[in-house]
Amino acid sequence: MKAIALTLILFPFSFSSSAQFDSAIMNQTIQLKRTDMDHVDVKWFGAKGDGQSDDWSFIQKAINYILEHDDASRTLYFPPGRYSISRPLIIARFTGNSYKQASINLIGPANSKTISAGYASLVPTFNNTFAIGIQLGKGVLIKDLVITGRFTFPNSLNPIQVDTLAFNEWTDRSSRDNRLSPYAGIVIDPFSDAAVYPRKEDMYPGLHPFYCTNLGRGGSTAVQVVGCSIRNFVVGVMITPSNQQNGELIDVIDCDISGNKVAYSMGQAQSKECHVIRLKCWQPTHTVFDNMHYGFAHGDGAGIPMVDGVNIAGHVKQLCSIQAASFSGSFRNVYAEGLFRLGFVGGLATVSFEDCQIDFATNDRGIPYPDFFVLGSGASFRDCILRFYPGVPGARLLLSGTNNQYEGGVMNAPPIAVNINNEGVYFNPAFHHVMMYYSGGILGSSSMGAISAALPLEGSNGNGADPVYFGNSYVFRDPFYGADLFYKITYQDGYERTARLSGSPVLHADKSAWTAWFKLKNPSDSNLLRPGDFILTTGLHYRDDYKNLIAITYPVGIIRSIRHDTVNLDNLAYGINNGMALSLWTDYFVNEYEQMTGDLAAGSNTLVNVQGRFPAVGERLDIPMLPSGSFVTAANTTERTVRFSNPNMTGQSFTGYTFINGYPTVEMYSSYDLPALQQYGKTLIGGADFYQYNTGGVNSHDRDFPLNGMVMSHYKILNTNIRGDTSLHKLRYSLIWMAGKGDAGGRH
């Protein structure tokens with residue numbers, strides 16, 4: 001194609017007060033090489049891409065040419081090269097006192113994830129504005145460019161610093177970190193009416209003419225950032241740090257935004273239907289998604305993106321700093337490896353997480369424990385995996401102090417959900433059908449499932465012990481020995497137990513190893529503690545930007561060992577400092593073990609005449625007449641005794657008492673009477689309500705069979721008989737009601 005000489009006199013902007021812009025891009029004559037006109041090449045305007053020359057004026061000229069010529073191609077192409085720019089590139093049609101809509105495509109040669117064949121890199125030599133700014137963009141595409149800034153502070157951090165440095169400590173004391181004008185890779189709508197800014201210093205320096213008087217608040221729409229790499233900025237992609245509105249349909253697709261303080265930030269509430277799809281973040285980053293730290297703080301908050309696909313690795317502190325003040329957002333298919341904490345997320349408008357897999361970083365000794373994993377409220381998690389990988393004994397997910405909902409999905413440790421200070425004003429999280437895959441059970445199932453178990457109460461799936469949780473209802477069926485018997489078990493309490501330690505022990509912390517030790521104020525408290533227990537406190541302020549919030553439950557560390565009156569901790573929480581004198585609680589969980597029965601005398605620490613499952617040494621049984629935290633110190637199956645670390649101090653003796661973790665209400669159903677069931681070798685549970693029903697009117701295909709059968713009689717079982725064995729504990733029960741007789745008080 002023949003080259004055509006074009007003489008262009010470019011006046012795209014009015015810079016009457018900014019001579020440095022005037023001299024660079026106005027009144028210049030260039031030779032434009034025309035090919036097939038499907039794109040415009042930055043090198044036609046003089047850009048060299050050699051990494052040495054300042055290519056800013058040439059690239060800006062090319063942008064201006066496309067914006068001011070409707071008959072020109074909309075695509076500005078960047079051949080492989082390193083394009084150094086001394087000033088920000090601005091995509092805008094500025095008239096001097098307003099903006100017209102701008103449409104353009106900036107295209108590089110290769111996706112940032114597949115750049116082996118060469119790529120186009122924009123390298124700003126400044127650290128106080130932005131690499132690319134888009135004002136009132138209406139159909140703008142930035143594709144396949146590598147944009148690398150000068151905020152290299154994240155590159156210098158080790159993993160522990162990434163996890164523990166506060167937001168305001170992520171600074172090189174040079175790069176601009178202003179709430180209304182942060183140093184950024186790409187900024188959507190950076191400018192507003194100058195009159196709304198509290199200080200002139202809040203505007204981007206050197207760009208004050210763009211903040212024109214009486215500027216309307218309309219913003220950009222339909223901007224796409226595709227296949228780009230954006231690194232080493234305070235904010236990677238910033239949507240509306242200004243007072244503009246809209247910023248809608250802004251899509252970030254297949255990008256690598258790593259090594260920034262914040263990867264993606266939104267500054268105002270009218271940013272709707274903004275998508276982030278298949279984001280990669282593999283370098284140190286404080287927060288991936290943020291709508292709390294930048295932009296004007298209007299009462300309706302800021303928008304939340306619709307996220308679908310994120311891959312996080314390489315030491316990232318938190319996924320979110322998100323406040324859903326007026327509008328909701330969603331996160332789907334987020335995969336995070338080594339995330340320190342999920343972060344703050346919540347608000348009345350709610351935020352949802354679906355099909356996410358979050359692997360947290362606290363998985364080895366020498367790693368600090370976060371002050372929280374999820375802070376805020378109103379978030380829902382559906383079919384998500386939240387776990388420590390590969391895991392450390394005693395590691396627990398601290399999820400207390402929220403009313404978040406967890407439905408389906410997996411956790412590899414029962415979460416800490418207890419409210420230590422017991423104020424009763426904070427909601428606790430709710431769990432429904434969450435799989436605890438370390439034992440294969442179900443946490444928080446609120447509906448019954450017909451489950452067959454050879455041995456009753458051996459686990460809700462018949463494979464092993466599960467944590468119990470308030471509201472669990474399970475149905476077990478024992479069809480063996482010629483008689484059907486159904487057990488309905490409903491838990492009235494949580495799986496979590498705490499024991500308060502005496503006094504306020506002083507913590508001796510070694511934050512170089514994230515360990516600590518303390519001496520018990522009362523040495524006998526060692527009888528309440530086990531290695532692997534989680535030590536908690538309350539009343540401390542959260543760290544980072546949340547110091548105005550006081551924790552109802554705050555982590556301290558995980559017990560590594562106990563030697564006499566000295567307790568040694570691993571994984572010290574990073575808000576715990578040396579010399580703190582704290583009220584401490586130990587926190588542990590109970591499992592859904594099979595029941596047992598026995599006799600416990602007043603003042604004794606030994607259960608005798610034991611029938612049922614014998615516990616292991618160190619195991620904690622849920623026994624109300626022993627102090628919380630008491631554990632098994634010996635079990636003798638020959639003598640049929642179980643000894644505990646603490647005695648029964650209630651002043652009462654208990655004979656033929658039934659011990660069952662979680663102390664659920666138990667209902668039992670059969671068409672056989674109790675003596676017949678005992679003869680068939682069935683386990684009859686003390687304290688259970690037994691209903692004998694008529695099988696004649698029951699359809700065996702009904703979902704609730706036999707719970708909807710016609711009841712003939714109602715009994716209260718008074719003691720437990722394991723598999724029909726009455727050698728140590730005779731069968732005892734009382735009649736409550738019988739058809740045709742009304743109430744009855746007989747005992748057997």
# chains A, B, ... in the order shown; residues from 1 in each chain; ligands from 1

call {"tool": "residues_around", "arguments": {"residues": "stretch 536-538 of chain A", "least_positions_apart": "3", "cutoff": "9 Å", "atoms": "only C-alpha atoms", "output": "list in words"}}
result
Asn419, Ile420, Asn421, His541, Ile550, Ala551, Ile552, Thr553, Tyr554, Pro555, Val556, Gly557, Leu582, Ser583, Leu584, Trp585, Thr586 and Asp587 of chain A

call {"tool": "residues_around", "arguments": {"residues": "A:Pro182", "least_positions_apart": "2", "cutoff": "10 Å", "atoms": "only C-alpha atoms", "output": "ChimeraX atom specification"}}
result
/A:127-130,175-180,184-185,187,190,202-204,233-236,238,241,294-295

call {"tool": "residues_around", "arguments": {"residues": "A:Asp533", "least_positions_apart": "3", "cutoff": "10 Å", "atoms": "only C-alpha atoms", "output": "list in words"}}
result
Pro393, Gly394, Ala395, Arg396, Thr498, Leu528, Leu529, Arg530, Leu536, Gly557, Ile558, Ile559, Arg560, Ser561, Leu569, Trp585, Thr586, Asp587, Tyr588, Phe589 and Gly629 of chain A

call {"tool": "residues_around", "arguments": {"residues": "A:Ser377", "least_positions_apart": "3", "cutoff": "10 Å", "atoms": "only C-alpha atoms", "output": "VMD selection string"}}
result
chain A and resid 323 to 324 344 to 348 350 to 351 374 380 401 to 405 426 to 429

call {"tool": "residues_around", "arguments": {"residues": "stretch 674-682 of chain A", "least_positions_apart": "5", "cutoff": "9 Å", "atoms": "only C-alpha atoms", "output": "number ranges by chain"}}
result
A: 478, 480-485, 690, 692, 715, 717, 721-726, 731, 733

call {"tool": "residues_around", "arguments": {"residues": "A:Lys272", "least_positions_apart": "3", "cutoff": "10 Å", "atoms": "only C-alpha atoms", "output": "list in words"}}
result
Thr221, Asn246, Gly247, Glu248, Leu249, Ile250, Gln268, Ala269, His275, Gly303, Ile304, Pro305, Met306, Phe327, Ser328 and Gly329 of chain A

call {"tool": "closest_residue", "arguments": {"among": "A:Pro523, A:Pro109, A:Gly343, A:Pro627", "to": "A:Gly376", "atoms": "only C-alpha atoms"}}
result
A:Gly343

call {"tool": "select_by_dssp", "arguments": {"residues": "stretch 185-247 of chain A", "states": "strand (DSSP E or B)", "output": "PyMOL selection string"}}
result
chain A and resi 185-188+221-226+229-231+235-239

call {"tool": "atom_distance", "arguments": {"atom1": "atom CA of A:Gly471", "atom2": "atom CA of A:Ala379"}}
result
20.7 Å

call {"tool": "atom_distance", "arguments": {"atom1": "atom CA of A:Val567", "atom2": "atom CA of A:Leu520"}}
result
7.4 Å

call {"tool": "select_by_dssp", "arguments": {"residues": "stretch 489-647 of chain A", "states": "helix (DSSP H, G or I)", "output": "count of residues only"}}
result
9

call {"tool": "atom_distance", "arguments": {"atom1": "atom CA of A:Thr650", "atom2": "atom CA of A:Pro624"}}
result
9.5 Å

call {"tool": "closest_residue", "arguments": {"among": "A:Phe476, A:Phe659, A:Trp170, A:Tyr406", "to": "A:Gly686", "atoms": "only C-alpha atoms"}}
result
A:Phe659

call {"tool": "decode", "arguments": {"residues": "stretch 338-354 of chain A", "atoms": "N, CA, C and O atoms", "output": "PDB file, in the first residue's frame"}}
result
ATOM      1  N   GLY A 338      -2.238 -19.857  49.911  1.00  0.00           N
ATOM      2  CA  GLY A 338      -1.385 -19.126  50.840  1.00  0.00           C
ATOM      3  C   GLY A 338      -1.908 -17.764  51.222  1.00  0.00           C
ATOM      4  O   GLY A 338      -1.135 -16.891  51.623  1.00  0.00           O
ATOM      5  N   LEU A 339      -3.208 -17.545  51.125  1.00  0.00           N
ATOM      6  CA  LEU A 339      -3.800 -16.274  51.526  1.00  0.00           C
ATOM      7  C   LEU A 339      -3.724 -16.144  53.045  1.00  0.00           C
ATOM      8  O   LEU A 339      -4.021 -17.093  53.779  1.00  0.00           O
ATOM      9  N   PHE A 340      -3.319 -14.970  53.544  1.00  0.00           N
ATOM     10  CA  PHE A 340      -3.200 -14.796  54.989  1.00  0.00           C
ATOM     11  C   PHE A 340      -4.575 -14.728  55.639  1.00  0.00           C
ATOM     12  O   PHE A 340      -4.825 -15.368  56.649  1.00  0.00           O
ATOM     13  N   ARG A 341      -5.464 -13.939  55.078  1.00  0.00           N
ATOM     14  CA  ARG A 341      -6.838 -13.866  55.570  1.00  0.00           C
ATOM     15  C   ARG A 341      -7.739 -13.460  54.415  1.00  0.00           C
ATOM     16  O   ARG A 341      -7.279 -12.879  53.432  1.00  0.00           O
ATOM     17  N   LEU A 342      -9.012 -13.761  54.533  1.00  0.00           N
ATOM     18  CA  LEU A 342      -9.932 -13.363  53.476  1.00  0.00           C
ATOM     19  C   LEU A 342     -10.197 -11.875  53.532  1.00  0.00           C
ATOM     20  O   LEU A 342     -10.360 -11.228  52.504  1.00  0.00           O
ATOM     21  N   GLY A 343     -10.259 -11.293  54.723  1.00  0.00           N
ATOM     22  CA  GLY A 343     -10.356  -9.852  54.856  1.00  0.00           C
ATOM     23  C   GLY A 343     -11.702  -9.386  55.359  1.00  0.00           C
ATOM     24  O   GLY A 343     -12.524 -10.163  55.843  1.00  0.00           O
ATOM     25  N   PHE A 344     -11.922  -8.085  55.247  1.00  0.00           N
ATOM     26  CA  PHE A 344     -13.188  -7.483  55.663  1.00  0.00           C
ATOM     27  C   PHE A 344     -14.153  -7.527  54.499  1.00  0.00           C
ATOM     28  O   PHE A 344     -13.843  -7.090  53.397  1.00  0.00           O
ATOM     29  N   VAL A 345     -15.347  -8.047  54.758  1.00  0.00           N
ATOM     30  CA  VAL A 345     -16.386  -8.076  53.729  1.00  0.00           C
ATOM     31  C   VAL A 345     -17.730  -8.118  54.428  1.00  0.00           C
ATOM     32  O   VAL A 345     -17.976  -8.950  55.281  1.00  0.00           O
ATOM     33  N   GLY A 346     -18.589  -7.171  54.062  1.00  0.00           N
ATOM     34  CA  GLY A 346     -19.888  -7.186  54.698  1.00  0.00           C
ATOM     35  C   GLY A 346     -20.648  -5.898  54.478  1.00  0.00           C
ATOM     36  O   GLY A 346     -20.185  -4.970  53.814  1.00  0.00           O
ATOM     37  N   GLY A 347     -21.838  -5.855  55.038  1.00  0.00           N
ATOM     38  CA  GLY A 347     -22.708  -4.698  54.911  1.00  0.00           C
ATOM     39  C   GLY A 347     -24.138  -5.137  54.711  1.00  0.00           C
ATOM     40  O   GLY A 347     -24.433  -6.306  54.452  1.00  0.00           O
ATOM     41  N   LEU A 348     -25.046  -4.182  54.814  1.00  0.00           N
ATOM     42  CA  LEU A 348     -26.464  -4.491  54.710  1.00  0.00           C
ATOM     43  C   LEU A 348     -26.851  -5.013  53.338  1.00  0.00           C
ATOM     44  O   LEU A 348     -27.842  -5.733  53.199  1.00  0.00           O
ATOM     45  N   ALA A 349     -26.085  -4.660  52.307  1.00  0.00           N
ATOM     46  CA  ALA A 349     -26.438  -5.101  50.951  1.00  0.00           C
ATOM     47  C   ALA A 349     -25.965  -6.516  50.662  1.00  0.00           C
ATOM     48  O   ALA A 349     -26.351  -7.098  49.651  1.00  0.00           O
ATOM     49  N   THR A 350     -25.104  -7.053  51.490  1.00  0.00           N
ATOM     50  CA  THR A 350     -24.596  -8.432  51.411  1.00  0.00           C
ATOM     51  C   THR A 350     -23.646  -8.669  50.236  1.00  0.00           C
ATOM     52  O   THR A 350     -23.715  -7.995  49.209  1.00  0.00           O
ATOM     53  N   VAL A 351     -22.785  -9.651  50.418  1.00  0.00           N
ATOM     54  CA  VAL A 351     -21.829 -10.091  49.406  1.00  0.00           C
ATOM     55  C   VAL A 351     -21.843 -11.617  49.411  1.00  0.00           C
ATOM     56  O   VAL A 351     -21.921 -12.239  50.477  1.00  0.00           O
ATOM     57  N   SER A 352     -21.774 -12.212  48.234  1.00  0.00           N
ATOM     58  CA  SER A 352     -21.810 -13.673  48.153  1.00  0.00           C
ATOM     59  C   SER A 352     -20.516 -14.226  47.590  1.00  0.00           C
ATOM     60  O   SER A 352     -19.884 -13.605  46.730  1.00  0.00           O
ATOM     61  N   PHE A 353     -20.132 -15.403  48.102  1.00  0.00           N
ATOM     62  CA  PHE A 353     -18.990 -16.163  47.611  1.00  0.00           C
ATOM     63  C   PHE A 353     -19.511 -17.538  47.212  1.00  0.00           C
ATOM     64  O   PHE A 353     -20.186 -18.200  47.997  1.00  0.00           O
ATOM     65  N   GLU A 354     -19.174 -17.962  46.004  1.00  0.00           N
ATOM     66  CA  GLU A 354     -19.643 -19.256  45.525  1.00  0.00           C
ATOM     67  C   GLU A 354     -18.503 -20.026  44.864  1.00  0.00           C
ATOM     68  O   GLU A 354     -17.705 -19.450  44.121  1.00  0.00           O
TER      69      GLU A 354
END
